[in-house]
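Student: Supplied in structure tokens, the structure appears directly below.
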Amino acid sequence: MSVTRKIVTCLVLFTLLGVGEGLFARNPKLDRQGLARTVPISTASERPEVGAVAHTQGKMLLVIRNNGTFGSEWDDIYDPITGEWVQACIYPRNSDMIYLYVTALWVGAVVGRDTLVSTGAEDMYCSYEFWPDISPFGDMKYESIDPSSRYFSEDAYSEQDIICEYTDTTTDVGLTDPGSCAPRAHIPLGIKATQRSMAWSYDYADDFILFDYLVQNIGDQRLEDIYMGIWLDGCVFHTTLQDQVYWTDDIVGFYRTHPAEDGCGHLDTINIAYHSDNDGDPIDGLWTEKSPRSVVGVRVVRTPLDSLRYSFNWWIMNYSDPSRDFGPRQRGTDDDPFRDFGDRLGTPVGDENKYYMLRHDEFDYDLLFTAVDHSDSGRGWLPPPEYAAEYANGFDIRYCLSFGPFNIDPGEKLPVSFAWVGGENFHVNPDDFESFNPYSPSSYYSKLDFSSLATNSRWASWIYDNPGVDTDGDGDSGKYRICCLDTIETDTGIIYEACDTSWYEGDGVPDFCGASPPPAPQIWVEPSVGTLRVRFNGLASETARDRFSGRPDFEGYRVYIGRDDRITSFTLAASYDREDYNKYVWDFYRETFRLLDAPFTRAQLQELYGVPLGLEDFDPMLFDRTNPYIHPDFPDSVFYFAPQDFNQSDFGLTTPIRKIYPDVTYPSSLVPEEALPEELTEDGYLKYFEYEIFIEDLLPTVPYYVNVTAFDFGSPEIGLAALETSVINGLQVAYPLSSTEDVEQNDLKVYVYPNPYRGDVDYQALGFENRDGSLAPDRMHRIHFANLPPVCTIYIYSLDGDLVRQLEHYYPEGGPEAMHEEWNMITRNTQLVESGLYYWVVESEEGTQIGKLVIIK
């Protein structure tokens, strides 16, 4: 949608959303933008603290809280793991595109003669009924399968497990209803949820996060007819486009099936509730880095019983005029009477209405089809509302995906698992939505590309429960399909059917694991003027064993460099991979070559083929696809060889990567504490696994982002391609300036650049500031300090001696950024600094340095 069309639509939205007076007269999100969340006031003597931490392993950045929600309600959250400020859900990571306001767990049940629902959050944003224990008992915990992680644990399932517990037993109204807006005081169900969320960085698993719950009845009454729901308030926009016009035009729906990849016409069950922007926000008819073209959704992968009912409901909350509140509803029947929600049609206010929504067996049509009359469809839908066409164009929407019923006796625990899944390139062409017709939406719907979402949803279910793997050893490995694409007649007249067997569903026992690349190496970046020396140690990378095959599958390293932290900004600076070769065997039945085995080294090939043939050096490249090898004793055995990757294995020759200690032999022990002293570096690492590369001819005054990844050779037996660690996890940022050691040894003085700072210079284009375009114009400016001591305080004063800003520079252990700091030209009063002459003062244990800087706007 063009910006002009968005503004026109926004005028309608203000009318439909309501701007009048009253308790819920205004959409509370209008008052949330740019604000930090206020801490609710409690009457309790000890108040539990709601923690927050972000999943940052894969493409999906997602804020997790220990109160039955994830997302951040647009708060900037300080992530305790990375030390960075993050927002609700950024996808892809570092793109600054937000896909979530908040998602919450809803649990409803019948307790005695009462109907109760406990919610992590709800439409009014004033009731929060799940709370953790007081600290430290309710603190969030972290685990990782990565041996190099400080959170490594044998109990972990993923590269980043986040574990928390919370209950609905708090009745303090200062916590559960700080806005005093709930229809009645919170009555607990008496449940405790133990939540584990899991994230991976692997190429096939980095677009989703798995959630696993154990829901326990900690009360003394049986909970009957329990229904659980995942309630969501989306909001999709780029962080620099925060005007209401951008986040009130979303669409939602439910996607059930997608064509399987076997080519036989099978359909994979996807069953995912999704939401996205209505058109991807093209600008001037083109996709830009600010266009949220992706889609995000929720898929339930495990419930306590296989025979549960599912429901998908969405609605539009009108805060000032309940008569304009809407959600698809079906007419009542004698067996299923229509429930009156009072003055609202769509939004379920109060426990009774929420429980009805959770349990009612209903799948709403997608929002795009709101203006289509479904009343004669046989499902008994109510006719379209008055503003159906405006709603169908995209709106500020909520949805709830629910399932049940089941019962929980006191003390009993039941498992629930779901996946939070993203899919890229959902919006294909920037002009597709221009011709959208709300009364005939199928044409536009057919242009939406669900393939990435479906693929990632499929992988999420497979990671939860690995197809073809008998986890519990009972002989059941899951469900499979046989796909026969062709028949083949041999020279002797025998007809064969070319068939493949593919597993598409696991054995029903959770695995929460998948094939993984070897761990990334440890990396250090040492700057000098115009050059970055990248040192890395690959002990963990080269010795790790694949968790399925049990064999080491390390293949090589890749060194990347970029000018910002977006994955699309990185380029390959160098690579190394072992010299090995894939063997492609001719399949007479399918009449094609197939890769069936792990790569072979030259030594292995010499033993297998060189020795029998009497060759001193068997060269596999003599037998390529055009000249395959035909075994002399088995003429039906035909195969050829091809390099695995590029075989850039000669350090310092075919690759600029080199061994730091080329003459050191394999260590006597892989445990550094048990190795010989001469096998260790000064800082205690095994010399044999030490590497370095010098990246030269860099601009000294701008930052570079550097990382080293490890990759394997894949799993040919199951058709899985080579896997590589994340390019953006663990990256290092460095300025190619004098290092801290050079500053100290040569007594180099602090200097400032650009100085003067001129408003008529495009510093963004020069790379000094806002390279990724994610900052607002009044927050993008940067002045840089170089040659700093690793620990110091920077003061900036006006000519009158007034303190303008104080910056704490703290790198006690050194590092590639220890000699550099930047100032965003914002004063201590959060205002953009004025033009003028300023003094700067740097104070440290080494002494005080003073200088001047000029700002000309």
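Naming scheme: A, B, ... for chains in displayed order of the structure tokens; residues 1 onward per chain; ligands 1 onward as shown.
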Among region 126-289 of chain A, which residues does DSSP mark as alpha helix (DSSP H) when it is run on the backbone? Keep the chain and numbering as in the structure and answer as a VMD selection string.
Tutor: chain A and resid 173 to 176 244 to 247
Student: Need to verify the contact set: Arg458 (chain A), 10 Å, only C-alpha atoms, exclusion of same-chain residues closer than 5 positions in sequence. Can you return it as a JSON list (two decimals) with all heavy atoms, in the first residue's frame?
Tutor:
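Result written to around13.json:
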```
[["chain", "number", "residue", "atom", "x", "y", "z"],
["A", 258, "HIS", "N", -0.16, -27.60, 3.05],
["A", 258, "HIS", "CA", 0.74, -27.09, 2.01],
["A", 258, "HIS", "C", 1.27, -28.30, 1.24],
["A", 258, "HIS", "O", 1.52, -29.35, 1.83],
["A", 258, "HIS", "CB", 1.89, -26.31, 2.64],
["A", 258, "HIS", "CG", 2.67, -25.51, 1.65],
["A", 258, "HIS", "ND1", 2.26, -24.29, 1.18],
["A", 258, "HIS", "CD2", 3.87, -25.76, 1.03],
["A", 258, "HIS", "CE1", 3.14, -23.81, 0.33],
["A", 258, "HIS", "NE2", 4.13, -24.70, 0.22],
["A", 260, "ALA", "N", 3.40, -31.14, -0.13],
["A", 260, "ALA", "CA", 4.65, -31.76, 0.34],
["A", 260, "ALA", "C", 5.72, -31.63, -0.73],
["A", 260, "ALA", "O", 5.42, -31.38, -1.91],
["A", 260, "ALA", "CB", 4.41, -33.23, 0.68],
["A", 268, "ASP", "N", 1.13, -31.71, 3.29],
["A", 268, "ASP", "CA", 1.61, -31.68, 4.67],
["A", 268, "ASP", "C", 0.64, -30.88, 5.52],
["A", 268, "ASP", "O", 0.15, -29.82, 5.10],
["A", 268, "ASP", "CB", 3.00, -31.04, 4.74],
["A", 268, "ASP", "CG", 4.10, -31.99, 4.33],
["A", 268, "ASP", "OD1", 3.91, -33.20, 4.47],
["A", 268, "ASP", "OD2", 5.15, -31.51, 3.86],
["A", 269, "THR", "N", 0.39, -31.38, 6.72],
["A", 269, "THR", "CA", -0.44, -30.63, 7.67],
["A", 269, "THR", "C", 0.40, -29.53, 8.29],
["A", 269, "THR", "O", 1.44, -29.79, 8.89],
["A", 269, "THR", "CB", -0.97, -31.56, 8.76],
["A", 269, "THR", "OG1", -1.79, -32.57, 8.15],
["A", 269, "THR", "CG2", -1.81, -30.78, 9.77],
["A", 270, "ILE", "N", -0.03, -28.28, 8.14],
["A", 270, "ILE", "CA", 0.69, -27.13, 8.66],
["A", 270, "ILE", "C", -0.01, -26.57, 9.89],
["A", 270, "ILE", "O", 0.60, -26.35, 10.93],
["A", 270, "ILE", "CB", 0.84, -26.04, 7.58],
["A", 270, "ILE", "CG1", 1.53, -26.61, 6.34],
["A", 270, "ILE", "CG2", 1.61, -24.84, 8.13],
["A", 270, "ILE", "CD1", 2.90, -27.17, 6.61],
["A", 271, "ASN", "N", -1.32, -26.32, 9.78],
["A", 271, "ASN", "CA", -2.15, -25.88, 10.91],
["A", 271, "ASN", "C", -1.49, -24.77, 11.73],
["A", 271, "ASN", "O", -1.18, -24.94, 12.90],
["A", 271, "ASN", "CB", -2.48, -27.07, 11.82],
["A", 271, "ASN", "CG", -3.59, -27.93, 11.26],
["A", 271, "ASN", "OD1", -4.22, -27.55, 10.26],
["A", 271, "ASN", "ND2", -3.82, -29.08, 11.87],
["A", 299, "ARG", "N", 2.04, -22.52, 15.82],
["A", 299, "ARG", "CA", 1.60, -23.88, 15.53],
["A", 299, "ARG", "C", 1.71, -24.74, 16.78],
["A", 299, "ARG", "O", 2.77, -24.82, 17.39],
["A", 299, "ARG", "CB", 2.44, -24.51, 14.42],
["A", 299, "ARG", "CG", 2.07, -25.98, 14.18],
["A", 299, "ARG", "CD", 2.83, -26.61, 13.05],
["A", 299, "ARG", "NE", 2.44, -28.01, 12.87],
["A", 299, "ARG", "CZ", 2.85, -28.77, 11.87],
["A", 299, "ARG", "NH1", 3.67, -28.28, 10.94],
["A", 299, "ARG", "NH2", 2.45, -30.03, 11.77],
["A", 421, "VAL", "N", 6.76, -19.38, 14.69],
["A", 421, "VAL", "CA", 7.40, -19.64, 13.40],
["A", 421, "VAL", "C", 7.34, -18.40, 12.52],
["A", 421, "VAL", "O", 6.32, -17.70, 12.47],
["A", 421, "VAL", "CB", 6.71, -20.81, 12.67],
["A", 421, "VAL", "CG1", 7.47, -21.18, 11.39],
["A", 421, "VAL", "CG2", 6.58, -22.02, 13.58],
["A", 452, "SER", "N", 7.65, -20.43, 2.56],
["A", 452, "SER", "CA", 8.67, -20.34, 3.61],
["A", 452, "SER", "C", 8.07, -20.62, 4.98],
["A", 452, "SER", "O", 8.66, -21.36, 5.79],
["A", 452, "SER", "CB", 9.31, -18.95, 3.60],
["A", 452, "SER", "OG", 10.24, -18.80, 4.65],
["A", 453, "LEU", "N", 6.89, -20.07, 5.26],
["A", 453, "LEU", "CA", 6.22, -20.34, 6.53],
["A", 453, "LEU", "C", 5.92, -21.82, 6.67],
["A", 453, "LEU", "O", 6.11, -22.41, 7.74],
["A", 453, "LEU", "CB", 4.94, -19.51, 6.63],
["A", 453, "LEU", "CG", 4.15, -19.66, 7.93],
["A", 453, "LEU", "CD1", 4.91, -19.03, 9.10],
["A", 453, "LEU", "CD2", 2.76, -19.04, 7.81],
["A", 463, "ILE", "N", 11.65, -31.03, 14.44],
["A", 463, "ILE", "CA", 12.60, -30.87, 15.55],
["A", 463, "ILE", "C", 11.94, -31.33, 16.84],
["A", 463, "ILE", "O", 12.56, -31.99, 17.68],
["A", 463, "ILE", "CB", 13.06, -29.41, 15.67],
["A", 463, "ILE", "CG1", 13.92, -29.03, 14.47],
["A", 463, "ILE", "CG2", 13.83, -29.18, 16.96],
["A", 463, "ILE", "CD1", 15.24, -29.74, 14.41],
["A", 504, "TYR", "N", 7.50, -38.44, 7.43],
["A", 504, "TYR", "CA", 6.92, -37.11, 7.56],
["A", 504, "TYR", "C", 6.37, -36.82, 8.96],
["A", 504, "TYR", "O", 5.97, -35.69, 9.26],
["A", 504, "TYR", "CB", 5.81, -36.89, 6.53],
["A", 504, "TYR", "CG", 4.56, -37.73, 6.75],
["A", 504, "TYR", "CD1", 3.48, -37.24, 7.47],
["A", 504, "TYR", "CD2", 4.47, -39.01, 6.21],
["A", 504, "TYR", "CE1", 2.34, -38.01, 7.66],
["A", 504, "TYR", "CE2", 3.34, -39.78, 6.39],
["A", 504, "TYR", "CZ", 2.27, -39.28, 7.11],
["A", 504, "TYR", "OH", 1.14, -40.03, 7.30],
["A", 505, "GLU", "N", 6.39, -37.83, 9.84],
["A", 505, "GLU", "CA", 5.88, -37.62, 11.20],
["A", 505, "GLU", "C", 6.64, -38.54, 12.15],
["A", 505, "GLU", "O", 6.98, -39.67, 11.78],
["A", 505, "GLU", "CB", 4.38, -37.90, 11.25],
["A", 505, "GLU", "CG", 3.71, -37.47, 12.55],
["A", 505, "GLU", "CD", 2.20, -37.62, 12.47],
["A", 505, "GLU", "OE1", 1.58, -37.04, 11.55],
["A", 505, "GLU", "OE2", 1.62, -38.33, 13.33]]
```
Student: Write out as an MDAnalysis selection string each polymer residue whose atoms come within 7 Å of region 222-234 of chain A, counting only C-alpha atoms; drop sequence neighbours fewer than 6 positions from it.
Tutor: chainID A and resid 99:111 275 358:359 397:410
Student: Find the residue from A:Leu622, A:Ile134, A:Ile191, A:Met357 that sits nearest to Ser118 (chain A); use only C-alpha atoms when measuring.
Tutor: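 Residue with the minimum atom-to-atom distance to Ser118 (chain A): A:Ile191.
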Student: Neighbours of Ala199 (chain A) within 8 Å (only C-alpha atoms; same-chain residues fewer than 2 positions away dropped), as a count of residues only?
Tutor: 15
Student: Rank A:Ile794, A:Leu803, A:Val50, A:Ala392 by their smallest atom-to-atom distance to Phe436 (chain A), using only C-alpha atoms, and report the top residue only.
Tutor: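 That would be A:Ala392, the residue with the smallest distance to Phe436 (chain A).
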Student: Fewer than 6 positions away in the same chain doesn't count, so skip those; otherwise give me all residues within 9 Å of Leu737 (chain A), counting only C-alpha atoms, as a ChimeraX atom specification.
Tutor: /A:527-532,699-701,786-787,819-820
Student: Go ahead and write the selection's residues with C-alpha atoms as a PDB file, in the first residue's frame.
Tutor:
```pdb
ATOM      1  CA  PRO A 527      42.980  -4.019  15.623  1.00  0.00           C
ATOM      2  CA  SER A 528      45.773  -1.901  14.226  1.00  0.00           C
ATOM      3  CA  VAL A 529      45.561   1.066  11.892  1.00  0.00           C
ATOM      4  CA  GLY A 530      43.831  -0.137   8.712  1.00  0.00           C
ATOM      5  CA  THR A 531      44.073  -3.834   9.655  1.00  0.00           C
ATOM      6  CA  LEU A 532      42.231  -6.391  11.763  1.00  0.00           C
ATOM      7  CA  LEU A 699      39.044   2.352   6.746  1.00  0.00           C
ATOM      8  CA  PRO A 700      40.320   3.092  10.266  1.00  0.00           C
ATOM      9  CA  THR A 701      37.496   5.381  11.376  1.00  0.00           C
ATOM     10  CA  ALA A 786      39.683   7.270  19.683  1.00  0.00           C
ATOM     11  CA  ASN A 787      42.858   6.247  21.536  1.00  0.00           C
ATOM     12  CA  MET A 819      40.099   2.218  22.659  1.00  0.00           C
ATOM     13  CA  HIS A 820      36.955   3.684  21.041  1.00  0.00           C
TER      14      HIS A 820
END
```
Student: For region 295-373 of chain A against region 166-186 of chain A, with a cut-off of 9 Å and counting only C-alpha atoms, what is the closest atom pair and its distance in Å to one decimal for every residue that makes the cut, ordered by chain and number, as JSON lines?
Tutor:
```
{"residue": "A:Val349", "atom": "CA", "partner": "A:Pro183", "partner_atom": "CA", "distance": 7.8}
{"residue": "A:Gly350", "atom": "CA", "partner": "A:Pro183", "partner_atom": "CA", "distance": 6.0}
{"residue": "A:Asp351", "atom": "CA", "partner": "A:Pro183", "partner_atom": "CA", "distance": 8.6}
```
Student: Check the smallest atom-to-atom distance from each of A:Ala520, A:Val236, A:Ile64, A:Leu241 to Asp279 (chain A) using only C-alpha atoms, then report the winner.
Tutor: A:Val236
Student: When you draw a straight line from CA of Gly684 (chain A) to CA of Phe152 (chain A), how long is it in Å?
Tutor: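 Rounded to one decimal, the two atoms are 20.0 Å apart.
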Student: Counting only C-alpha atoms, which residue out of A:Ile77, A:Val702, A:Ile728, A:Leu653 sits closest to Ser569 (chain A)?
Tutor: A:Ile728
